[in-house]
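In what follows, a structure is listed as C-alpha cells, so that the remarks can point back to it.
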Amino acid sequence: VVEVVRAFYNCSTMIGLELEDFGGADTASSHWEQRVLPMEFMIGYISSAAATSIFSFAVFEDSGWYKMDWDYAAVPPYGKGFGCDWYEEKCIVEVEQKLEALDDDLYCTEDVKYGCAADYVGKSNCEVKDYDEALETPFQYFSLFGSASEGGVLGYADFCPMFYHYSNGDCRIQESSHVYEDFGAEICPDCKCTEMFSHDDSKNYAVCYESECVSNYLYLADDQESSDDDYSFGDT
C-alpha cells in the first residue's frame with residue numbers, strides 16, 4: 001500500500017492512506033478517508049459509479065490472501081502526482097485573501113447545481129451547507145469570511161464541499177434521466193459528462209454525450225449536433 005500511495009501522489013513521506021474517522025463502528029477505521037480518496041468502492045459513502053481503486057487492490061494483495069489482476073484496478077482521476085499537499089492541505093485553501101479549492105474538479109467554494117465530477121461518468125452537484133452551529137475548527141474552511149458554520153454535506157469527507165453524482169445522473173445507465181436533449185444529449189455505455197456554459201458564463205449545464213478521451217481532450221461522436229449555438233469544450 002505504501003509503495004502505491006507514494007508513487008501515485010508523488011509524496012515520499014506518506015506512511016500509508018488515511019482511514020475514515022467518521023461514522024459508527026461499521027464505518028470508522030475500516031474504510032478509506034473520503035476526503036483523501038473520494039469516489040471509491042471502499043469509502044463510507046459511495047455512489048453507483050464507485051470503482052475499486054489501485055489502493056484497495058494493494059490492501060488485498062498485502063493481506064497475503066489474494067493475488068490481484070491489476071489490469072482491473074481503477075486509477076483515481078484526481079490527485080495523481082499532486083504531491084504531499086493532497087494529503088496535508090485542507091480541501092479549501094486561502095490564497096491571497098481568497099478561498100480556492102485544492103482541486104476544482106473535486107471541491108467547490110460555492111454551490112454548483114450542475115457539473116461533472118472528476119471521473120466524468122455522471123452529472124453531479126456541489127453544495128456548501130450552512131449548519132446551525134459552528135463546525136469543529138479543523139473543518140472550518142470558510143472562516144476567512146466569518147462563516148465557521150459552512151461546509152460540505154457529509155462528515156465522511158471532513159465536511160469538504162465535494163462534487164457528488166446525482167442518483168439519476170449516470171451517463172451510462174439508460175434508466176438515468178437527462179435534461180437538455182436539445183443539445184443532443186444521450187445515455188450510452190461510452191457517454192461522458194460534459195460541462196457547457198452560456199456565452200456570458202451566467203449559466204452552466206452538465207450534458208451526457210457519447211465521447212472519447214484522446215490526449216487529455218474530450219471528443220464528441222461525429223453524428224452529434226447541437227440545436228443551439230456552438231459550444232467549445234475545455235481541457236478535461
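Residue numbering restarts at 1 in every chain; chains get A, B, ... in the order shown in the C-alpha cells, and ligands count up from 1 in that same order.
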Surrounding residues of Tyr9 (chain A) excluding itself and chain neighbours under 3 positions, 12 Å, only C-alpha atoms, as a compact mmCIF listing (two decimals) with C-alpha atoms, in the first residue's frame:
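Writing done, so here's around.txt:
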```txt
# COMPACT_ATOMS: atom_id res chain seq x y z
CA VAL A 2 2.74 2.45 0.95
CA GLU A 3 4.54 1.88 -2.35
CA VAL A 4 1.37 2.52 -4.38
CA VAL A 5 0.37 5.58 -2.32
CA ARG A 6 3.77 7.26 -2.59
CA SER A 12 7.73 10.12 -0.45
CA THR A 13 6.77 10.94 3.14
CA MET A 14 3.32 9.34 3.16
CA ILE A 15 3.26 6.38 5.53
CA GLY A 16 0.00 4.96 4.19
CA LEU A 17 -3.52 6.03 3.28
CA VAL A 36 -8.40 11.86 0.57
CA LEU A 37 -9.95 9.17 -1.63
CA PHE A 55 -5.25 1.27 -3.26
CA VAL A 75 -6.72 4.61 -11.24
CA PRO A 76 -8.39 7.57 -9.48
CA PRO A 77 -8.98 10.57 -11.78
CA TYR A 78 -7.87 13.04 -9.10
CA GLY A 79 -4.76 13.63 -7.01
CA LYS A 80 -2.28 11.82 -9.25
CA GLY A 81 1.16 13.44 -8.96
CA PHE A 82 -0.31 16.22 -6.82
CA GLY A 83 2.35 15.91 -4.14
CA CYS A 84 2.07 15.84 -0.37
CA ASP A 85 -0.36 18.78 -0.34
CA TRP A 86 -3.12 16.38 -1.37
CA TYR A 87 -2.74 14.67 1.99
CA GLU A 88 -1.58 17.55 4.16
```
Excluding Thr194 (chain A) and residues on its chain fewer than 2 positions from it, collect all residues at most 9 Å away from it, counting only C-alpha atoms, and give them as a PDB file with all heavy atoms, in the first residue's frame.
```
ATOM      1  N   GLY A 115     -22.786  20.040 -12.653  1.00  0.00           N
ATOM      2  CA  GLY A 115     -21.387  19.981 -13.031  1.00  0.00           C
ATOM      3  C   GLY A 115     -21.003  18.550 -13.312  1.00  0.00           C
ATOM      4  O   GLY A 115     -21.844  17.635 -13.285  1.00  0.00           O
ATOM      5  N   CYS A 116     -19.737  18.339 -13.607  1.00  0.00           N
ATOM      6  CA  CYS A 116     -19.219  16.990 -13.840  1.00  0.00           C
ATOM      7  C   CYS A 116     -18.142  16.718 -12.798  1.00  0.00           C
ATOM      8  O   CYS A 116     -17.204  17.495 -12.653  1.00  0.00           O
ATOM      9  CB  CYS A 116     -18.624  16.870 -15.233  1.00  0.00           C
ATOM     10  SG  CYS A 116     -19.776  17.187 -16.581  1.00  0.00           S
ATOM     11  N   TYR A 120     -16.108  12.109 -14.564  1.00  0.00           N
ATOM     12  CA  TYR A 120     -16.873  12.413 -15.773  1.00  0.00           C
ATOM     13  C   TYR A 120     -17.872  11.336 -16.176  1.00  0.00           C
ATOM     14  O   TYR A 120     -18.314  11.306 -17.315  1.00  0.00           O
ATOM     15  CB  TYR A 120     -15.934  12.702 -16.956  1.00  0.00           C
ATOM     16  CG  TYR A 120     -15.200  14.007 -16.807  1.00  0.00           C
ATOM     17  CD1 TYR A 120     -13.936  14.030 -16.231  1.00  0.00           C
ATOM     18  CD2 TYR A 120     -15.763  15.216 -17.204  1.00  0.00           C
ATOM     19  CE1 TYR A 120     -13.249  15.228 -16.056  1.00  0.00           C
ATOM     20  CE2 TYR A 120     -15.097  16.415 -17.042  1.00  0.00           C
ATOM     21  CZ  TYR A 120     -13.835  16.413 -16.466  1.00  0.00           C
ATOM     22  OH  TYR A 120     -13.168  17.598 -16.291  1.00  0.00           O
ATOM     23  N   GLY A 122     -20.875  10.930 -14.714  1.00  0.00           N
ATOM     24  CA  GLY A 122     -22.250  11.343 -14.464  1.00  0.00           C
ATOM     25  C   GLY A 122     -22.357  12.795 -14.048  1.00  0.00           C
ATOM     26  O   GLY A 122     -21.375  13.423 -13.649  1.00  0.00           O
ATOM     27  N   LYS A 123     -23.570  13.306 -14.153  1.00  0.00           N
ATOM     28  CA  LYS A 123     -23.842  14.675 -13.730  1.00  0.00           C
ATOM     29  C   LYS A 123     -23.800  14.760 -12.207  1.00  0.00           C
ATOM     30  O   LYS A 123     -24.232  13.846 -11.508  1.00  0.00           O
ATOM     31  CB  LYS A 123     -25.200  15.126 -14.264  1.00  0.00           C
ATOM     32  CG  LYS A 123     -25.228  15.266 -15.777  1.00  0.00           C
ATOM     33  CD  LYS A 123     -26.582  15.687 -16.286  1.00  0.00           C
ATOM     34  CE  LYS A 123     -27.588  14.553 -16.202  1.00  0.00           C
ATOM     35  NZ  LYS A 123     -28.874  14.929 -16.828  1.00  0.00           N
ATOM     36  N   LYS A 192     -20.036  10.339 -21.628  1.00  0.00           N
ATOM     37  CA  LYS A 192     -19.373  11.022 -20.524  1.00  0.00           C
ATOM     38  C   LYS A 192     -20.071  12.354 -20.253  1.00  0.00           C
ATOM     39  O   LYS A 192     -20.699  12.934 -21.129  1.00  0.00           O
ATOM     40  CB  LYS A 192     -17.895  11.290 -20.857  1.00  0.00           C
ATOM     41  CG  LYS A 192     -17.047  10.039 -21.040  1.00  0.00           C
ATOM     42  CD  LYS A 192     -16.770   9.347 -19.725  1.00  0.00           C
ATOM     43  CE  LYS A 192     -15.793   8.196 -19.903  1.00  0.00           C
ATOM     44  NZ  LYS A 192     -15.537   7.489 -18.622  1.00  0.00           N
ATOM     45  N   MET A 196     -20.962  22.621 -20.113  1.00  0.00           N
ATOM     46  CA  MET A 196     -21.147  23.673 -21.090  1.00  0.00           C
ATOM     47  C   MET A 196     -21.578  24.931 -20.352  1.00  0.00           C
ATOM     48  O   MET A 196     -22.228  24.852 -19.310  1.00  0.00           O
ATOM     49  CB  MET A 196     -22.218  23.276 -22.115  1.00  0.00           C
ATOM     50  CG  MET A 196     -21.939  21.972 -22.842  1.00  0.00           C
ATOM     51  SD  MET A 196     -23.362  21.406 -23.811  1.00  0.00           S
ATOM     52  CE  MET A 196     -23.485  22.725 -25.007  1.00  0.00           C
ATOM     53  N   TYR A 205     -24.305  24.032 -17.710  1.00  0.00           N
ATOM     54  CA  TYR A 205     -25.053  22.824 -17.992  1.00  0.00           C
ATOM     55  C   TYR A 205     -24.122  21.621 -17.813  1.00  0.00           C
ATOM     56  O   TYR A 205     -22.925  21.721 -18.024  1.00  0.00           O
ATOM     57  CB  TYR A 205     -25.568  22.816 -19.432  1.00  0.00           C
ATOM     58  CG  TYR A 205     -26.297  24.064 -19.870  1.00  0.00           C
ATOM     59  CD1 TYR A 205     -25.599  25.158 -20.384  1.00  0.00           C
ATOM     60  CD2 TYR A 205     -27.689  24.152 -19.785  1.00  0.00           C
ATOM     61  CE1 TYR A 205     -26.257  26.300 -20.795  1.00  0.00           C
ATOM     62  CE2 TYR A 205     -28.359  25.296 -20.188  1.00  0.00           C
ATOM     63  CZ  TYR A 205     -27.637  26.368 -20.698  1.00  0.00           C
ATOM     64  OH  TYR A 205     -28.287  27.502 -21.100  1.00  0.00           O
ATOM     65  N   ALA A 206     -24.713  20.508 -17.450  1.00  0.00           N
ATOM     66  CA  ALA A 206     -23.991  19.240 -17.437  1.00  0.00           C
ATOM     67  C   ALA A 206     -24.741  18.309 -18.373  1.00  0.00           C
ATOM     68  O   ALA A 206     -25.914  18.014 -18.152  1.00  0.00           O
ATOM     69  CB  ALA A 206     -23.907  18.660 -16.035  1.00  0.00           C
ATOM     70  N   VAL A 207     -24.082  17.874 -19.433  1.00  0.00           N
ATOM     71  CA  VAL A 207     -24.746  17.146 -20.507  1.00  0.00           C
ATOM     72  C   VAL A 207     -23.982  15.851 -20.793  1.00  0.00           C
ATOM     73  O   VAL A 207     -22.752  15.828 -20.757  1.00  0.00           O
ATOM     74  CB  VAL A 207     -24.805  18.009 -21.793  1.00  0.00           C
ATOM     75  CG1 VAL A 207     -25.677  17.344 -22.838  1.00  0.00           C
ATOM     76  CG2 VAL A 207     -25.328  19.401 -21.480  1.00  0.00           C
ATOM     77  N   CYS A 208     -24.726  14.782 -21.077  1.00  0.00           N
ATOM     78  CA  CYS A 208     -24.115  13.495 -21.400  1.00  0.00           C
ATOM     79  C   CYS A 208     -23.997  13.329 -22.908  1.00  0.00           C
ATOM     80  O   CYS A 208     -24.991  13.469 -23.635  1.00  0.00           O
ATOM     81  CB  CYS A 208     -24.956  12.352 -20.834  1.00  0.00           C
ATOM     82  SG  CYS A 208     -25.072  12.318 -19.022  1.00  0.00           S
ATOM     83  N   TYR A 209     -22.776  13.029 -23.381  1.00  0.00           N
ATOM     84  CA  TYR A 209     -22.537  12.797 -24.792  1.00  0.00           C
ATOM     85  C   TYR A 209     -21.720  11.531 -24.979  1.00  0.00           C
ATOM     86  O   TYR A 209     -20.846  11.223 -24.158  1.00  0.00           O
ATOM     87  CB  TYR A 209     -21.741  13.946 -25.412  1.00  0.00           C
ATOM     88  CG  TYR A 209     -22.497  15.234 -25.615  1.00  0.00           C
ATOM     89  CD1 TYR A 209     -22.088  16.394 -24.976  1.00  0.00           C
ATOM     90  CD2 TYR A 209     -23.601  15.289 -26.459  1.00  0.00           C
ATOM     91  CE1 TYR A 209     -22.771  17.586 -25.168  1.00  0.00           C
ATOM     92  CE2 TYR A 209     -24.290  16.474 -26.658  1.00  0.00           C
ATOM     93  CZ  TYR A 209     -23.869  17.619 -26.013  1.00  0.00           C
ATOM     94  OH  TYR A 209     -24.545  18.794 -26.204  1.00  0.00           O
ATOM     95  N   LEU A 218     -11.510  15.892 -24.762  1.00  0.00           N
ATOM     96  CA  LEU A 218     -12.761  15.180 -24.931  1.00  0.00           C
ATOM     97  C   LEU A 218     -13.303  15.435 -26.321  1.00  0.00           C
ATOM     98  O   LEU A 218     -13.477  16.584 -26.724  1.00  0.00           O
ATOM     99  CB  LEU A 218     -13.770  15.653 -23.882  1.00  0.00           C
ATOM    100  CG  LEU A 218     -15.137  14.980 -23.899  1.00  0.00           C
ATOM    101  CD1 LEU A 218     -14.992  13.515 -23.492  1.00  0.00           C
ATOM    102  CD2 LEU A 218     -16.078  15.696 -22.924  1.00  0.00           C
ATOM    103  N   PHE A 233     -15.490  22.933 -25.963  1.00  0.00           N
ATOM    104  CA  PHE A 233     -15.338  22.053 -24.809  1.00  0.00           C
ATOM    105  C   PHE A 233     -13.894  22.148 -24.328  1.00  0.00           C
ATOM    106  O   PHE A 233     -12.958  22.040 -25.113  1.00  0.00           O
ATOM    107  CB  PHE A 233     -15.685  20.613 -25.174  1.00  0.00           C
ATOM    108  CG  PHE A 233     -17.116  20.447 -25.574  1.00  0.00           C
ATOM    109  CD1 PHE A 233     -17.511  20.683 -26.884  1.00  0.00           C
ATOM    110  CD2 PHE A 233     -18.061  20.109 -24.638  1.00  0.00           C
ATOM    111  CE1 PHE A 233     -18.832  20.549 -27.252  1.00  0.00           C
ATOM    112  CE2 PHE A 233     -19.386  19.977 -24.997  1.00  0.00           C
ATOM    113  CZ  PHE A 233     -19.787  20.188 -26.310  1.00  0.00           C
ATOM    114  N   THR A 236     -10.029  18.377 -20.436  1.00  0.00           N
ATOM    115  CA  THR A 236     -10.591  17.525 -19.409  1.00  0.00           C
ATOM    116  C   THR A 236      -9.515  16.926 -18.540  1.00  0.00           C
ATOM    117  O   THR A 236      -9.805  16.083 -17.714  1.00  0.00           O
ATOM    118  CB  THR A 236     -11.418  16.382 -20.044  1.00  0.00           C
ATOM    119  OG1 THR A 236     -10.558  15.595 -20.852  1.00  0.00           O
ATOM    120  CG2 THR A 236     -12.542  16.950 -20.875  1.00  0.00           C
TER     121      THR A 236
END
```
From chain A, collect each residue whose DSSP state is strand (DSSP E or B) and return the set as number ranges by chain. A: 19, 32, 40, 43, 51, 53, 74, 92-95, 98-101, 107, 112-116, 122-126, 129-130, 150-151, 162-170, 191-197, 204-214, 217-220
Go ahead and compute the interatomic distance for CA of Phe159 (chain A) and CA of Glu127 (chain A), in Å to one decimal. 10.5 Å
Using only C-alpha atoms, pick whichever of A:Trp65, A:Tyr156, A:Val93, A:Thr137 has the shortest atom-to-atom distance to Ser29 (chain A). A:Tyr156
Leaving out Phe145 (chain A) and any residue of its chain fewer than 4 positions from it, which residues lie within 12 Å of it when counting only C-alpha atoms, given as a PyMOL selection string? chain A and resi 94+97-99+109+140-141+149-150
Please dump the current selection as a short mmCIF file (atom, residue, chain, number, x, y, z; two decimals), in the first residue's frame; keep N, CA and C atoms.
```
data_model
loop_
_atom_site.label_atom_id
_atom_site.label_comp_id
_atom_site.auth_asym_id
_atom_site.auth_seq_id
_atom_site.Cartn_x
_atom_site.Cartn_y
_atom_site.Cartn_z
N GLU A 94 -6.67 29.05 1.53
CA GLU A 94 -6.64 30.50 1.38
C GLU A 94 -5.44 30.91 0.53
N GLN A 97 -5.84 36.10 0.19
CA GLN A 97 -7.10 36.58 0.74
C GLN A 97 -8.33 36.10 -0.03
N LYS A 98 -8.18 35.00 -0.75
CA LYS A 98 -9.31 34.39 -1.44
C LYS A 98 -9.34 32.90 -1.11
N LEU A 99 -10.51 32.33 -1.21
CA LEU A 99 -10.65 30.90 -0.98
C LEU A 99 -10.61 30.17 -2.32
N THR A 109 -16.21 26.10 -3.79
CA THR A 109 -16.30 27.14 -2.75
C THR A 109 -17.67 27.80 -2.75
N GLN A 140 -13.46 24.10 9.52
CA GLN A 140 -13.94 25.44 9.22
C GLN A 140 -13.18 26.01 8.02
N TYR A 141 -13.65 25.68 6.83
CA TYR A 141 -12.95 26.07 5.61
C TYR A 141 -13.29 27.49 5.16
N SER A 149 -19.73 28.10 10.27
CA SER A 149 -20.77 27.08 10.23
C SER A 149 -21.00 26.52 8.84
N GLU A 150 -20.23 26.95 7.85
CA GLU A 150 -20.42 26.47 6.48
C GLU A 150 -19.44 25.35 6.15
#
```
Using only C-alpha atoms: which of A:Cys191, A:Tyr166, A:Asp62, A:Lys113 has the shortest distance to Lys203 (chain A): A:Lys113
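Taking only C-alpha atoms into account, Asp104 (chain A) lies nearest to A:Pro161 out of the set A:Arg172, A:Pro161, A:Phe41, A:Thr52.
The interatomic distance for the pair CA of Glu133 (chain A) and CA of Gly151 (chain A) works out to 11.1 Å.
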Nearest residue to Leu102 (chain A) from the set A:Asn168, A:Met68, A:Ala28, A:Met162 (distances using only C-alpha atoms):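 Counting only C-alpha atoms, the residue closest to Leu102 (chain A) is A:Met162.
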Skipping near chain neighbours, those fewer than 2 positions away, what residues fall within 8 Å of Gly169 (chain A) using only C-alpha atoms, listed as a list in words?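 Close residues of Gly169 (chain A): Gly122, Lys123, Ser124, His165, Tyr166, Ser167, Cys171, Ser176, Ser177 and His178 of chain A.
Atom pair CA of Cys213 (chain A) / CA of Ile92 (chain A): separated by 28.7 Å.
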Measuring atom to atom with only C-alpha atoms, identify which of A:Gln34, A:Thr27, A:Asn10, A:Ser211 is nearest to Leu154 (chain A). A:Gln34
Need the shell around Ala117 (chain A): protein/DNA/RNA residues with any atom at most 7 Å away, counting only C-alpha atoms. Skip same-chain ones fewer than 5 positions apart. Format as a list of chain:residue names? A:Asp105, A:Leu106, A:Ser124, A:Phe163, A:Tyr164
Any chance you could export the current selection's N, CA and C atoms as a JSON list (two decimals), in the first residue's frame?
```json
[["chain", "number", "residue", "atom", "x", "y", "z"],
["A", 105, "ASP", "N", -11.98, 20.26, -9.78],
["A", 105, "ASP", "CA", -12.80, 19.17, -10.31],
["A", 105, "ASP", "C", -13.44, 18.34, -9.20],
["A", 106, "LEU", "N", -13.01, 18.55, -7.98],
["A", 106, "LEU", "CA", -13.47, 17.71, -6.87],
["A", 106, "LEU", "C", -14.20, 18.51, -5.79],
["A", 124, "SER", "N", -23.27, 15.85, -11.71],
["A", 124, "SER", "CA", -23.01, 15.98, -10.28],
["A", 124, "SER", "C", -23.38, 17.38, -9.80],
["A", 163, "PHE", "N", -18.06, 17.44, -5.00],
["A", 163, "PHE", "CA", -19.00, 17.04, -6.05],
["A", 163, "PHE", "C", -19.46, 15.61, -5.80],
["A", 164, "TYR", "N", -20.79, 15.43, -5.86],
["A", 164, "TYR", "CA", -21.39, 14.10, -5.73],
["A", 164, "TYR", "C", -22.28, 13.84, -6.94]]
```
For Glu61 (chain A), which of A:Ala7, A:Ile43, A:Ala73, A:Val1 is the closest residue, counting only C-alpha atoms?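 Looking at the shortest contact to Glu61 (chain A), the residue is A:Val1.
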As a PDB file with C-alpha atoms, in the first residue's frame, please: all residues of region 41-82 of chain A that backbone DSSP puts in helix (DSSP H, G or I).
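selection.pdb was written with the following content:
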```
ATOM      1  CA  ILE A  54      -5.345   0.559  -7.008  1.00  0.00           C
ATOM      2  CA  PHE A  55      -5.247   1.268  -3.261  1.00  0.00           C
ATOM      3  CA  SER A  56      -7.867  -1.360  -2.405  1.00  0.00           C
ATOM      4  CA  PHE A  57      -6.110  -3.801  -4.723  1.00  0.00           C
ATOM      5  CA  ALA A  58      -2.893  -3.133  -2.788  1.00  0.00           C
ATOM      6  CA  VAL A  59      -4.612  -3.920   0.521  1.00  0.00           C
ATOM      7  CA  PHE A  60      -5.953  -7.215  -0.835  1.00  0.00           C
ATOM      8  CA  GLU A  61      -2.514  -8.213  -2.079  1.00  0.00           C
ATOM      9  CA  ASP A  62      -0.764  -7.085   1.131  1.00  0.00           C
ATOM     10  CA  TRP A  70      -4.009  -5.199 -11.664  1.00  0.00           C
ATOM     11  CA  ASP A  71      -5.482  -4.701 -15.119  1.00  0.00           C
ATOM     12  CA  TYR A  72      -8.839  -4.379 -13.361  1.00  0.00           C
TER      13      TYR A  72
END
```
